[in-house]
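Structure file model22.txt with compact mmCIF, C-alpha atoms:
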```
# COMPACT_ATOMS: atom_id res chain seq x y z
CA MET I 29 121.99 103.87 17.30
CA THR I 30 123.33 100.57 18.66
CA THR I 31 126.00 98.57 16.83
CA GLU I 32 126.36 94.81 16.91
CA HIS I 33 128.26 95.01 20.22
CA ASP I 34 126.29 97.82 21.79
CA THR I 35 123.04 97.61 23.65
CA HIS I 36 120.55 99.81 25.45
CA PHE I 37 120.87 100.84 29.05
CA GLY I 38 117.71 102.85 29.46
CA PHE I 39 117.89 105.52 26.76
CA LYS I 40 121.71 105.36 26.70
CA THR I 41 123.76 103.15 24.43
CA VAL I 42 126.48 101.14 26.15
CA ALA I 43 128.83 98.29 25.22
CA GLU I 44 127.20 94.87 25.75
CA SER I 45 129.93 93.96 28.25
CA GLU I 46 129.01 97.04 30.30
CA LYS I 47 125.25 96.52 30.59
CA ALA I 48 125.27 93.72 33.16
CA LYS I 49 127.61 95.76 35.37
CA LYS I 50 125.46 98.86 35.12
CA VAL I 51 122.25 96.91 35.83
CA ALA I 52 123.98 95.31 38.79
CA GLU I 53 124.84 98.77 40.17
CA VAL I 54 121.19 99.84 39.88
CA PHE I 55 119.90 96.81 41.74
CA HIS I 56 122.63 96.89 44.40
CA SER I 57 121.49 100.42 45.00
CA VAL I 58 117.75 99.72 45.24
CA ALA I 59 117.81 96.24 46.85
CA ASP I 60 116.98 97.37 50.40
CA LYS I 61 114.01 99.49 49.39
CA TYR I 62 112.96 97.44 46.34
CA ASP I 63 109.64 96.17 47.70
CA LEU I 64 108.71 99.46 49.31
CA MET I 65 109.32 101.24 46.03
CA ASN I 66 107.38 98.61 44.08
CA ASP I 67 104.44 99.10 46.42
CA VAL I 68 104.60 102.87 46.10
CA MET I 69 105.17 102.88 42.33
CA SER I 70 102.38 100.46 41.52
CA ALA I 71 100.04 101.34 44.41
CA GLY I 72 100.39 97.74 45.54
CA LEU I 73 99.21 96.38 42.20
CA HIS I 74 102.42 94.41 41.61
CA ARG I 75 101.28 91.93 44.24
CA GLY I 76 98.04 91.30 42.32
CA TRP I 77 99.94 90.93 39.04
CA LYS I 78 102.25 88.36 40.60
CA ARG I 79 99.33 86.46 42.13
CA PHE I 80 97.61 86.46 38.73
CA ALA I 81 100.77 85.07 37.12
CA VAL I 82 100.76 82.21 39.64
CA ASN I 83 97.05 81.57 38.96
CA ILE I 84 97.68 81.43 35.20
CA SER I 85 100.74 79.16 35.53
CA GLY I 86 98.69 75.99 36.06
CA VAL I 87 101.28 74.85 38.61
CA SER I 88 100.11 72.14 40.98
CA ARG I 89 101.52 70.11 43.88
CA GLY I 90 104.76 68.32 43.12
CA ASP I 91 105.79 70.59 40.21
CA ARG I 92 109.28 72.03 39.69
CA VAL I 93 109.39 75.81 39.25
CA LEU I 94 112.29 78.10 38.34
CA ASP I 95 111.97 81.74 39.39
CA ILE I 96 114.45 83.78 37.31
CA ALA I 97 115.47 87.28 38.43
CA GLY I 98 113.31 86.47 41.44
CA GLY I 99 114.94 89.16 43.55
CA SER I 100 113.03 89.62 46.75
CA GLY I 101 111.26 86.28 46.35
CA ASP I 102 107.57 87.30 46.13
CA LEU I 103 106.85 84.77 43.41
CA SER I 104 108.97 82.00 44.89
CA LYS I 105 106.96 82.32 48.09
CA LEU I 106 103.63 81.99 46.24
CA PHE I 107 104.89 79.09 44.11
CA ALA I 108 106.32 77.30 47.16
CA GLN I 109 102.82 77.26 48.66
CA LYS I 110 101.41 75.86 45.39
CA VAL I 111 103.92 73.03 44.84
CA GLY I 112 103.99 71.91 48.49
CA ALA I 113 106.69 69.84 50.13
CA GLU I 114 106.80 67.30 47.28
CA GLY I 115 107.55 70.02 44.69
CA GLN I 116 110.53 72.30 44.24
CA VAL I 117 111.00 76.02 43.67
CA ILE I 118 114.42 77.48 42.89
CA LEU I 119 114.97 81.20 43.30
CA THR I 120 117.66 82.71 41.08
CA ASP I 121 118.98 86.19 40.43
CA ILE I 122 122.17 87.53 38.85
CA ASN I 123 122.38 90.18 41.54
CA ALA I 124 123.76 89.08 44.91
CA SER I 125 122.15 91.94 46.85
CA MET I 126 118.67 91.21 45.52
CA LEU I 127 119.12 87.47 45.95
CA GLY I 128 120.26 88.00 49.54
CA VAL I 129 117.02 89.80 50.32
CA GLY I 130 114.96 86.97 48.75
CA ARG I 131 116.94 84.18 50.42
CA ASP I 132 116.52 85.77 53.86
CA ARG I 133 112.79 86.17 53.30
CA MET I 134 112.39 82.52 52.34
CA LEU I 135 114.28 81.46 55.46
CA ASP I 136 112.22 83.79 57.63
CA ALA I 137 109.03 82.33 56.16
CA GLY I 138 110.28 78.80 56.89
CA LEU I 139 110.30 77.86 53.22
CA ASN I 140 112.78 75.44 51.72
CA VAL I 141 113.60 77.42 48.59
CA PRO I 142 117.21 77.21 47.38
CA ALA I 143 118.60 80.58 46.26
CA LEU I 144 121.11 80.51 43.44
CA GLN I 145 123.08 83.35 41.87
CA CYS I 146 123.24 82.79 38.13
CA ASP I 147 122.97 84.44 34.73
CA ALA I 148 119.68 83.75 32.93
CA GLU I 149 121.61 83.55 29.66
CA LYS I 150 123.59 80.55 30.97
CA LEU I 151 121.27 78.61 33.27
CA PRO I 152 123.04 75.91 35.29
CA PHE I 153 120.25 73.35 34.92
CA PRO I 154 119.78 70.29 32.69
CA ASP I 155 117.48 70.24 29.65
CA ASN I 156 113.79 69.39 30.20
CA TYR I 157 113.88 69.89 33.97
CA PHE I 158 111.18 72.38 35.03
CA ASP I 159 107.37 72.34 34.73
CA CYS I 160 107.27 76.11 34.85
CA VAL I 161 109.81 78.90 34.43
CA ILE I 162 108.89 82.45 35.32
CA VAL I 163 110.71 85.74 34.95
CA ALA I 164 109.00 88.75 36.47
CA PHE I 165 110.25 92.27 35.84
CA GLY I 166 113.67 90.89 34.92
CA LEU I 167 113.78 90.24 31.18
CA ARG I 168 114.15 93.90 30.23
CA ASN I 169 117.40 94.10 32.18
CA MET I 170 118.99 91.19 30.32
CA THR I 171 121.59 91.99 27.70
CA HIS I 172 120.64 89.23 25.22
CA LYS I 173 116.92 88.63 25.70
CA ASP I 174 116.85 86.10 22.85
CA ARG I 175 119.57 83.98 24.47
CA ALA I 176 117.85 84.16 27.84
CA LEU I 177 114.51 83.07 26.35
CA ALA I 178 116.21 80.19 24.52
CA GLU I 179 117.81 79.07 27.80
CA MET I 180 114.46 79.20 29.58
CA GLN I 181 112.93 77.12 26.80
CA ARG I 182 115.80 74.61 27.07
CA VAL I 183 115.32 73.91 30.78
CA LEU I 184 111.54 73.46 30.41
CA LYS I 185 110.05 69.99 30.15
CA VAL I 186 107.90 69.26 27.11
CA GLY I 187 104.49 70.66 28.08
CA GLY I 188 106.16 73.10 30.48
CA ARG I 189 105.25 76.78 30.54
CA LEU I 190 107.30 79.94 30.37
CA LEU I 191 105.71 82.99 31.96
CA VAL I 192 107.11 86.46 31.39
CA LEU I 193 105.67 89.24 33.54
CA GLU I 194 107.06 92.56 32.40
CA PHE I 195 106.26 96.21 31.83
CA SER I 196 104.89 96.72 28.37
CA LYS I 197 103.22 99.20 26.07
CA VAL I 198 100.38 101.07 27.75
CA TRP I 199 97.02 101.71 26.07
CA GLN I 200 97.54 104.69 23.74
CA PRO I 201 95.06 107.17 25.34
CA LEU I 202 96.91 106.79 28.64
CA SER I 203 100.42 107.13 27.24
CA LYS I 204 100.81 110.87 27.92
CA ALA I 205 99.79 110.51 31.57
CA TYR I 206 102.00 107.44 31.88
CA ASP I 207 104.98 109.40 30.51
CA VAL I 208 104.48 112.13 33.08
CA TYR I 209 104.26 109.53 35.82
CA SER I 210 107.35 107.63 34.62
CA PHE I 211 109.72 110.50 33.91
CA LYS I 212 108.62 113.08 36.47
CA LEU I 213 107.00 111.30 39.42
CA LEU I 214 108.97 108.05 39.44
CA PRO I 215 112.46 109.63 39.78
CA LEU I 216 111.04 112.00 42.39
CA MET I 217 109.66 109.10 44.43
CA GLY I 218 113.00 107.33 44.01
CA LYS I 219 114.76 110.39 45.34
CA LEU I 220 112.47 110.81 48.32
CA LEU I 221 112.07 107.17 49.34
CA ALA I 222 115.22 105.41 48.19
CA LYS I 223 117.48 108.48 47.93
CA ASP I 224 118.32 107.33 44.42
CA ALA I 225 116.67 109.22 41.57
CA GLU I 226 119.05 107.91 38.89
CA SER I 227 118.21 104.25 39.42
CA TYR I 228 114.51 104.97 39.09
CA GLN I 229 115.17 107.11 36.03
CA TYR I 230 116.83 104.00 34.56
CA LEU I 231 113.82 101.86 35.50
CA ALA I 232 111.49 104.24 33.63
CA GLU I 233 113.76 104.36 30.59
CA SER I 234 114.31 100.60 30.48
CA ILE I 235 110.53 100.09 30.47
CA ARG I 236 110.24 102.25 27.35
CA MET I 237 113.03 100.38 25.58
CA HIS I 238 111.52 96.98 26.31
CA PRO I 239 109.71 95.20 23.44
CA ASP I 240 105.93 95.70 23.26
CA GLN I 241 103.41 92.88 23.66
CA GLU I 242 103.44 91.61 20.07
CA THR I 243 107.23 91.85 19.70
CA LEU I 244 107.82 89.86 22.87
CA LYS I 245 105.25 87.30 21.73
CA GLN I 246 107.23 86.87 18.50
CA MET I 247 110.52 86.66 20.43
CA MET I 248 109.08 83.84 22.54
CA ALA I 249 107.90 82.04 19.42
CA ASP I 250 111.39 82.49 17.92
CA ALA I 251 112.85 80.93 21.07
CA GLY I 252 110.85 77.78 20.32
CA LEU I 253 107.76 78.32 22.46
CA SER I 254 104.34 77.66 21.03
CA LYS I 255 100.77 78.81 21.68
CA VAL I 256 102.15 82.08 23.03
CA ASP I 257 99.44 84.33 24.41
CA TYR I 258 99.49 87.41 26.62
CA TYR I 259 97.33 89.33 29.09
CA ASN I 260 97.38 93.10 29.33
CA LEU I 261 97.26 94.14 32.96
CA ALA I 262 96.42 97.69 34.06
CA ALA I 263 95.74 98.76 30.46
CA GLY I 264 99.03 97.36 29.20
CA VAL I 265 101.29 98.94 31.81
CA VAL I 266 102.27 95.33 32.43
CA ALA I 267 101.81 92.26 30.23
CA LEU I 268 101.92 88.62 31.22
CA HIS I 269 103.08 86.35 28.37
CA LYS I 270 102.66 82.59 28.51
CA GLY I 271 104.13 80.07 26.09
CA TYR I 272 104.49 76.28 25.98
CA LYS I 273 107.39 74.02 25.13
CA THR I 274 106.09 71.40 22.72
CA MET E 19 91.46 93.98 36.35
CA LEU E 20 88.29 92.22 35.15
CA LYS E 21 90.26 89.26 33.85
CA GLU E 22 92.20 88.92 37.08
CA VAL E 23 89.05 89.02 39.23
CA SER E 24 87.05 86.71 36.90
CA THR E 25 89.90 84.19 36.81
CA HIS E 26 90.14 84.26 40.59
CA VAL E 27 86.38 83.65 40.97
CA ILE E 28 86.35 80.82 38.40
CA GLN E 29 89.34 79.13 40.01
CA HIS E 30 87.80 79.46 43.45
CA LEU E 31 84.60 77.77 42.21
CA LEU E 32 86.52 74.97 40.52
CA ALA E 33 88.63 74.43 43.63
CA GLN E 34 85.33 73.81 45.47
CA ASN E 35 84.34 71.31 42.74
CA ALA E 36 87.46 69.14 42.71
CA TRP E 37 85.76 66.52 40.48
CA SER E 38 86.12 68.92 37.52
CA ALA E 39 89.95 68.92 37.32
CA PRO E 40 90.40 65.35 35.95
CA LEU E 41 87.71 66.11 33.33
CA LEU E 42 89.53 69.19 32.04
CA GLN E 43 93.17 68.20 32.51
CA PRO E 44 93.44 66.17 29.25
CA PHE E 45 92.65 69.41 27.37
CA ALA E 46 95.29 71.58 29.09
CA GLY E 47 96.39 74.54 27.00
CA GLN E 48 93.25 74.55 24.86
CA ALA E 49 90.84 77.46 24.67
CA VAL E 50 87.05 77.47 24.49
CA GLN E 51 85.04 80.40 23.16
CA LEU E 52 81.67 80.78 24.91
CA ASN E 53 79.02 82.80 23.10
CA PHE E 54 76.16 83.16 25.56
CA VAL E 55 73.22 85.48 25.43
CA LEU E 56 74.61 88.35 27.42
CA PHE E 57 78.31 87.85 27.10
CA LYS E 58 81.09 86.38 25.02
CA THR E 59 84.25 85.13 26.61
CA ALA E 60 87.07 82.70 26.02
CA LEU E 61 88.34 80.36 28.70
CA VAL E 62 91.64 78.53 28.67
CA ILE E 63 92.24 75.20 30.40
CA LEU E 64 95.26 75.15 32.69
CA GLU E 65 97.63 72.28 33.34
CA ASN E 66 96.24 71.68 36.83
CA GLY E 67 92.73 71.23 35.41
CA SER E 68 91.56 74.68 36.39
CA LEU E 69 90.29 77.43 34.10
CA ALA E 70 91.29 81.01 33.40
CA ILE E 71 90.02 83.76 31.18
CA ALA E 72 92.02 83.49 27.93
CA GLY E 73 94.55 86.14 26.94
CA GLU E 74 94.29 88.81 24.27
CA THR E 75 95.40 86.64 21.36
CA ALA E 76 94.13 83.17 22.24
CA THR E 77 92.69 81.12 19.39
CA ALA E 78 89.70 79.02 20.36
CA ASP E 79 89.93 75.27 19.80
CA THR E 80 86.19 74.98 20.16
CA THR E 81 83.24 77.38 20.22
CA ILE E 82 80.01 76.88 22.18
CA THR E 83 77.11 79.10 21.12
CA ILE E 84 73.82 79.31 23.02
CA PRO E 85 71.20 81.33 21.11
CA PRO E 86 68.85 83.53 23.17
CA SER E 87 65.86 81.34 22.25
CA LEU E 88 67.39 78.39 24.12
CA LEU E 89 68.11 80.17 27.34
CA LEU E 90 64.69 79.80 28.97
CA ARG E 91 64.42 76.18 27.89
CA LEU E 92 67.84 75.42 29.34
CA MET E 93 66.89 77.14 32.56
CA ALA E 94 63.80 74.94 32.68
CA LYS E 95 66.13 71.91 32.27
CA ASP E 96 64.69 70.95 28.88
CA GLU E 97 66.93 68.07 27.71
CA ALA E 98 65.93 68.60 24.06
CA ALA E 99 67.26 72.17 24.24
CA ARG E 100 70.73 70.89 25.12
CA LEU E 101 70.90 69.14 21.74
CA GLN E 102 70.40 72.48 20.02
CA ILE E 103 73.49 74.12 21.55
CA LYS E 104 75.82 74.90 18.65
CA VAL E 105 79.35 73.48 18.92
CA ASP E 106 82.16 74.20 16.45
CA GLY E 107 85.52 72.46 16.77
CA ASP E 108 86.58 69.73 19.20
CA THR E 109 83.36 68.14 20.46
CA HIS E 110 85.10 66.15 23.23
CA LEU E 111 86.47 69.37 24.64
CA ALA E 112 83.06 71.05 24.30
CA THR E 113 81.36 68.14 26.09
CA ALA E 114 83.83 68.24 28.99
CA MET E 115 83.51 72.00 29.29
CA ALA E 116 79.69 71.90 29.12
CA LYS E 117 79.60 69.22 31.82
CA VAL E 118 81.80 71.27 34.11
CA LEU E 119 79.93 74.52 33.52
CA SER E 120 76.51 72.96 34.01
CA HIS E 121 77.39 70.99 37.16
CA VAL E 122 79.65 73.37 39.00
CA ARG E 123 78.07 74.56 42.26
CA TRP E 124 79.05 77.38 44.58
CA ASP E 125 79.57 76.10 48.11
CA TYR E 126 78.55 79.38 49.70
CA GLU E 127 78.36 77.84 53.16
CA ASP E 128 82.06 77.02 52.98
CA ASP E 129 82.93 80.62 52.03
CA LEU E 130 80.58 82.03 54.61
CA SER E 131 82.03 79.82 57.34
CA ARG E 132 85.41 81.55 56.89
CA LEU E 133 83.75 84.85 57.73
CA VAL E 134 81.27 83.96 60.45
CA GLY E 135 82.23 80.44 61.58
CA ASP E 136 80.77 77.00 60.81
CA VAL E 137 77.57 77.01 62.87
CA PRO E 138 76.21 80.44 61.83
CA ALA E 139 77.17 79.65 58.21
CA ASN E 140 75.17 76.41 58.38
CA LYS E 141 72.15 78.20 59.90
CA ILE E 142 72.28 80.95 57.26
CA GLY E 143 72.60 78.28 54.56
CA GLU E 144 69.59 76.39 55.92
CA PHE E 145 67.54 79.58 56.05
CA ALA E 146 68.56 80.46 52.47
CA ARG E 147 67.62 76.97 51.22
CA GLN E 148 64.22 77.11 52.98
CA THR E 149 63.54 80.59 51.63
CA ALA E 150 64.55 79.57 48.11
CA GLY E 151 62.41 76.40 48.40
CA SER E 152 59.38 78.41 49.56
CA ALA E 153 59.87 80.97 46.80
CA LYS E 154 60.12 78.17 44.22
CA ASP E 155 56.93 76.54 45.55
CA THR E 156 55.11 79.89 45.48
CA VAL E 157 56.15 80.54 41.88
CA THR E 158 55.13 77.01 40.83
CA ASN E 159 51.74 77.34 42.56
CA LEU E 160 51.14 80.72 40.94
CA ALA E 161 52.06 79.37 37.50
CA ASP E 162 49.73 76.35 37.98
CA MET E 163 46.90 78.60 39.15
CA LEU E 164 47.29 80.97 36.18
CA SER E 165 47.51 78.17 33.63
CA GLU E 166 44.37 76.55 35.09
CA TYR E 167 42.52 79.88 34.97
CA TRP E 168 43.56 80.53 31.35
CA GLN E 169 42.63 76.98 30.35
CA GLU E 170 39.34 76.55 32.22
CA GLU E 171 37.86 79.91 33.26
CA LYS E 172 39.02 82.21 30.50
CA PRO E 173 40.50 79.96 27.79
CA MET E 174 43.63 81.57 26.39
CA LEU E 175 45.89 78.53 26.58
CA ALA E 176 45.25 75.21 24.86
CA LYS E 177 45.21 72.02 26.91
CA LYS E 178 47.68 69.33 25.95
CA ARG E 179 44.97 66.83 24.87
CA HIS E 180 43.29 69.49 22.72
CA VAL E 181 46.58 70.26 20.98
CA GLU E 182 47.16 66.53 20.40
CA GLN E 183 43.62 66.12 19.03
CA PHE E 184 44.14 69.13 16.76
CA ASN E 185 47.45 67.69 15.52
CA ALA E 186 45.78 64.32 14.79
CA GLU E 187 42.98 66.05 12.86
CA VAL E 188 45.54 68.02 10.82
CA ASP E 189 47.33 64.75 9.99
CA THR E 190 44.05 63.12 8.91
CA LEU E 191 43.15 66.16 6.81
CA ARG E 192 46.57 66.15 5.13
CA ALA E 193 46.21 62.43 4.31
CA ASP E 194 42.68 63.03 2.92
CA VAL E 195 43.91 65.92 0.75
CA GLU E 196 46.76 63.80 -0.60
CA ARG E 197 44.33 61.00 -1.46
CA LEU E 198 41.94 63.44 -3.15
CA GLU E 199 44.82 64.96 -5.11
CA LYS E 200 45.82 61.52 -6.39
CA ARG E 201 42.24 60.71 -7.41
CA LEU E 202 41.94 64.02 -9.25
CA ASN E 203 45.21 63.37 -11.06
CA LYS E 204 43.97 59.92 -12.01
CA LEU E 205 40.67 61.30 -13.31
CA ALA E 206 42.52 63.99 -15.28
CA LYS E 207 44.60 61.31 -16.99
CA ASN E 208 41.58 58.99 -17.74
CA PRO E 209 38.52 61.24 -18.29
```
Written as structure tokens, that's how I'd like the structure from this file.
Amino acid sequence: MTTEHDTHFGFKTVAESEKAKKVAEVFHSVADKYDLMNDVMSAGLHRGWKRFAVNISGVSRGDRVLDIAGGSGDLSKLFAQKVGAEGQVILTDINASMLGVGRDRMLDAGLNVPALQCDAEKLPFPDNYFDCVIVAFGLRNMTHKDRALAEMQRVLKVGGRLLVLEFSKVWQPLSKAYDVYSFKLLPLMGKLLAKDAESYQYLAESIRMHPDQETLKQMMADAGLSKVDYYNLAAGVVALHKGYKT
Amino acid sequence: MLKEVSTHVIQHLLAQNAWSAPLLQPFAGQAVQLNFVLFKTALVILENGSLAIAGETATADTTITIPPSLLLRLMAKDEAARLQIKVDGDTHLATAMAKVLSHVRWDYEDDLSRLVGDVPANKIGEFARQTAGSAKDTVTNLADMLSEYWQEEKPMLAKKRHVEQFNAEVDTLRADVERLEKRLNKLAKNP
């Protein structure tokens, strides 16, 4: 059981002050092979999910987009193409190793996307600044999800959209098979491909501890977002939530 | 998967019909429930004036229902049938959505040109249009021929003027009956 100053780190309970450090260790460890593992783990589906998120965002040329926990920069790259030269995309991540991978990719692709290391719970941006804020596969690693969501809401313009792409609760008939995949196959793949079974064990556990679709919808509403709706992708393995600042 | 693919197809079509974005943009964030004959779906309007399939918990701001009986009439471009489409909720939103859905066209030549190049795509498009035109003419000729046969040779269908004449006679008969009824009432009161 967690106390007021404890939080989850996968299935373990750790002090709140420890979680960020432990998450950082995981992502330092997987940064180099992050995309390869994502491709293997999701059979390439994560690219389709990210593209769908961009299609649902309603972002157009000239918009300002904030990519939180953007890591290797997949979404920033897609958004940069959408907003064009007159728009702006900012890639952020709390983890320097992941951000380094993303920054280098943007430069290699010839895209002018600033990369900024920052904590999503204390965003260094003014109020009412972005047309769209997106966090993909990052919210579950944050220590205070409520604070992070409130920060994202703060930096959005009125009429702006927050998109949260995250693992979620799978359709019940598939849950047994999904458990086998997550707790047996995933760490094995991590061991073989990234030589790091523990980090992938954490990924599987953190997915289970993350709020389900309806809970996250309520959390977004509590953070001040309205008209919150979500899409179940791959039978709920992943959910895309969208809410508006009004 | 279906939602992702459907959304991609819808957005591709709307991108080819750029005139639709300014029509839909004022309604960004609103959802429309479409109840058609074979399917029911909800669409949500995006901030860039495009459309997407709505999420799991979207609440429709307007509902457009097309009963099965109207489908053939709408396909035959019967203007009166359009007035019978049922709309619940925001009628401005429903009007904008109906306009977009009824006028959107697939520029298949443009898509084809990406696969085979401009010139072959244009030739294939021309061939498809000619074939479709010939097929349409054939169907129209066949329908005309059958209706003439069933009206003249083996009367099964009524001609328009006969129906009008019949309607006029029914009107006259109804007026005569009403007059007779009044006279009978009058006689009953003053024998």
Inset, instruction - Could you check which of I:Ile122, I:Leu139, I:Val266, I:Val117 is closest to chain E, using all atoms listed in the file? - result: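 Nearest candidate to chain E out of I:Ile122, I:Leu139, I:Val266, I:Val117: I:Val266.
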Legend entry - Residues of chain I within 8 Å of chain E, counting all atoms listed in the file, as a list in words: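 So the residues of chain I near chain E are Phe80, Asn83, Ile84, Ser85, Gly86, Val87, Ser88, Lys255, Asp257, Tyr258, Tyr259, Asn260, Leu261 and Ala262 of chain I.
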C-alpha atoms of the current selection, written as a PDB file, keeping the file's coordinate frame:
```pdb
ATOM      1  CA  PHE I  80      97.610  86.460  38.730  1.00  0.00           C
ATOM      2  CA  ASN I  83      97.050  81.570  38.960  1.00  0.00           C
ATOM      3  CA  ILE I  84      97.680  81.430  35.200  1.00  0.00           C
ATOM      4  CA  SER I  85     100.740  79.160  35.530  1.00  0.00           C
ATOM      5  CA  GLY I  86      98.690  75.990  36.060  1.00  0.00           C
ATOM      6  CA  VAL I  87     101.280  74.850  38.610  1.00  0.00           C
ATOM      7  CA  SER I  88     100.110  72.140  40.980  1.00  0.00           C
ATOM      8  CA  LYS I 255     100.770  78.810  21.680  1.00  0.00           C
ATOM      9  CA  ASP I 257      99.440  84.330  24.410  1.00  0.00           C
ATOM     10  CA  TYR I 258      99.490  87.410  26.620  1.00  0.00           C
ATOM     11  CA  TYR I 259      97.330  89.330  29.090  1.00  0.00           C
ATOM     12  CA  ASN I 260      97.380  93.100  29.330  1.00  0.00           C
ATOM     13  CA  LEU I 261      97.260  94.140  32.960  1.00  0.00           C
ATOM     14  CA  ALA I 262      96.420  97.690  34.060  1.00  0.00           C
TER      15      ALA I 262
END
```
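With only C-alpha atoms as the basis for measurement, E:Ile84 is the residue among E:Leu160, E:Leu133, E:Ala78, E:Ile84 that approaches E:Phe57 most closely.
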Legend entry - Nearby residues, (116.2, 78.5, 24.5) file frame, 10 Å, all atoms listed in the file, as JSON, numbers by chain: {"I": [149, 155, 174, 175, 176, 177, 178, 179, 180, 181, 182, 183, 184, 248, 250, 251, 252, 253, 273]}
Deliver the residues from the most recent selection as a file, using C-alpha atoms, as an mmCIF file, in the frame of the given file.
```cif
data_model
loop_
_atom_site.group_PDB
_atom_site.id
_atom_site.type_symbol
_atom_site.label_atom_id
_atom_site.label_comp_id
_atom_site.auth_asym_id
_atom_site.auth_seq_id
_atom_site.Cartn_x
_atom_site.Cartn_y
_atom_site.Cartn_z
ATOM 1 C CA GLU I 149 121.610 83.550 29.660
ATOM 2 C CA ASP I 155 117.480 70.240 29.650
ATOM 3 C CA ASP I 174 116.850 86.100 22.850
ATOM 4 C CA ARG I 175 119.570 83.980 24.470
ATOM 5 C CA ALA I 176 117.850 84.160 27.840
ATOM 6 C CA LEU I 177 114.510 83.070 26.350
ATOM 7 C CA ALA I 178 116.210 80.190 24.520
ATOM 8 C CA GLU I 179 117.810 79.070 27.800
ATOM 9 C CA MET I 180 114.460 79.200 29.580
ATOM 10 C CA GLN I 181 112.930 77.120 26.800
ATOM 11 C CA ARG I 182 115.800 74.610 27.070
ATOM 12 C CA VAL I 183 115.320 73.910 30.780
ATOM 13 C CA LEU I 184 111.540 73.460 30.410
ATOM 14 C CA MET I 248 109.080 83.840 22.540
ATOM 15 C CA ASP I 250 111.390 82.490 17.920
ATOM 16 C CA ALA I 251 112.850 80.930 21.070
ATOM 17 C CA GLY I 252 110.850 77.780 20.320
ATOM 18 C CA LEU I 253 107.760 78.320 22.460
ATOM 19 C CA LYS I 273 107.390 74.020 25.130
#
```
Inset, instruction - Compare E:Leu56, E:Leu41, E:Leu202, E:Ile142 by their minimum atom-to-atom distance to E:His110, counting all atoms listed in the file, and give me the closest one. - result: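 The closest residue to E:His110 is E:Leu41.
Going from atom CA of E:Val50 over to atom CA of I:Ser196, you cover 26.5 Å.
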So that I can check the surroundings of stretch 113-116 of chain E, please list as a compact mmCIF listing (two decimals) with C-alpha atoms, keeping the file's coordinate frame every protein, DNA and RNA residue that reaches within 7 Å of it, counting all atoms listed in the file and ignoring chain neighbours fewer than 4 positions away.
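Listing of selection23.txt after writing:
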```txt
# COMPACT_ATOMS: atom_id res chain seq x y z
CA LEU E 41 87.71 66.11 33.33
CA LEU E 42 89.53 69.19 32.04
CA THR E 109 83.36 68.14 20.46
CA SER E 120 76.51 72.96 34.01
```
Only C-alpha atoms needed: put stretch 204-235 of chain I from the block into a file as a PDB file, in the first residue's frame.
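To be explicit, this is the file written out as part35.pdb:
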```pdb
ATOM      1  CA  LYS I 204      -4.974 -13.455 -20.110  1.00  0.00           C
ATOM      2  CA  ALA I 205      -3.051 -13.562 -23.394  1.00  0.00           C
ATOM      3  CA  TYR I 206      -1.907  -9.980 -22.836  1.00  0.00           C
ATOM      4  CA  ASP I 207      -0.591 -10.900 -19.365  1.00  0.00           C
ATOM      5  CA  VAL I 208       1.440 -13.754 -20.792  1.00  0.00           C
ATOM      6  CA  TYR I 209       2.832 -11.447 -23.455  1.00  0.00           C
ATOM      7  CA  SER I 210       3.657  -8.663 -20.978  1.00  0.00           C
ATOM      8  CA  PHE I 211       5.210 -10.657 -18.156  1.00  0.00           C
ATOM      9  CA  LYS I 212       6.819 -13.547 -20.026  1.00  0.00           C
ATOM     10  CA  LEU I 213       7.587 -12.455 -23.590  1.00  0.00           C
ATOM     11  CA  LEU I 214       8.319  -8.769 -23.047  1.00  0.00           C
ATOM     12  CA  PRO I 215      11.143  -9.236 -20.486  1.00  0.00           C
ATOM     13  CA  LEU I 216      12.534 -12.029 -22.662  1.00  0.00           C
ATOM     14  CA  MET I 217      12.598  -9.753 -25.716  1.00  0.00           C
ATOM     15  CA  GLY I 218      14.187  -7.048 -23.565  1.00  0.00           C
ATOM     16  CA  LYS I 219      16.861  -9.487 -22.502  1.00  0.00           C
ATOM     17  CA  LEU I 220      17.597 -10.688 -26.017  1.00  0.00           C
ATOM     18  CA  LEU I 221      17.437  -7.380 -27.880  1.00  0.00           C
ATOM     19  CA  ALA I 222      18.356  -4.713 -25.354  1.00  0.00           C
ATOM     20  CA  LYS I 223      20.205  -6.949 -22.871  1.00  0.00           C
ATOM     21  CA  ASP I 224      17.995  -5.461 -20.177  1.00  0.00           C
ATOM     22  CA  ALA I 225      15.158  -7.652 -18.907  1.00  0.00           C
ATOM     23  CA  GLU I 226      14.544  -5.580 -15.764  1.00  0.00           C
ATOM     24  CA  SER I 227      13.727  -2.367 -17.598  1.00  0.00           C
ATOM     25  CA  TYR I 228      11.168  -4.155 -19.749  1.00  0.00           C
ATOM     26  CA  GLN I 229       9.749  -5.870 -16.684  1.00  0.00           C
ATOM     27  CA  TYR I 230       9.220  -2.351 -15.292  1.00  0.00           C
ATOM     28  CA  LEU I 231       7.536  -1.256 -18.538  1.00  0.00           C
ATOM     29  CA  ALA I 232       5.062  -4.153 -18.281  1.00  0.00           C
ATOM     30  CA  GLU I 233       4.361  -3.465 -14.610  1.00  0.00           C
ATOM     31  CA  SER I 234       3.975   0.289 -15.081  1.00  0.00           C
ATOM     32  CA  ILE I 235       1.384  -0.359 -17.804  1.00  0.00           C
TER      33      ILE I 235
END
```
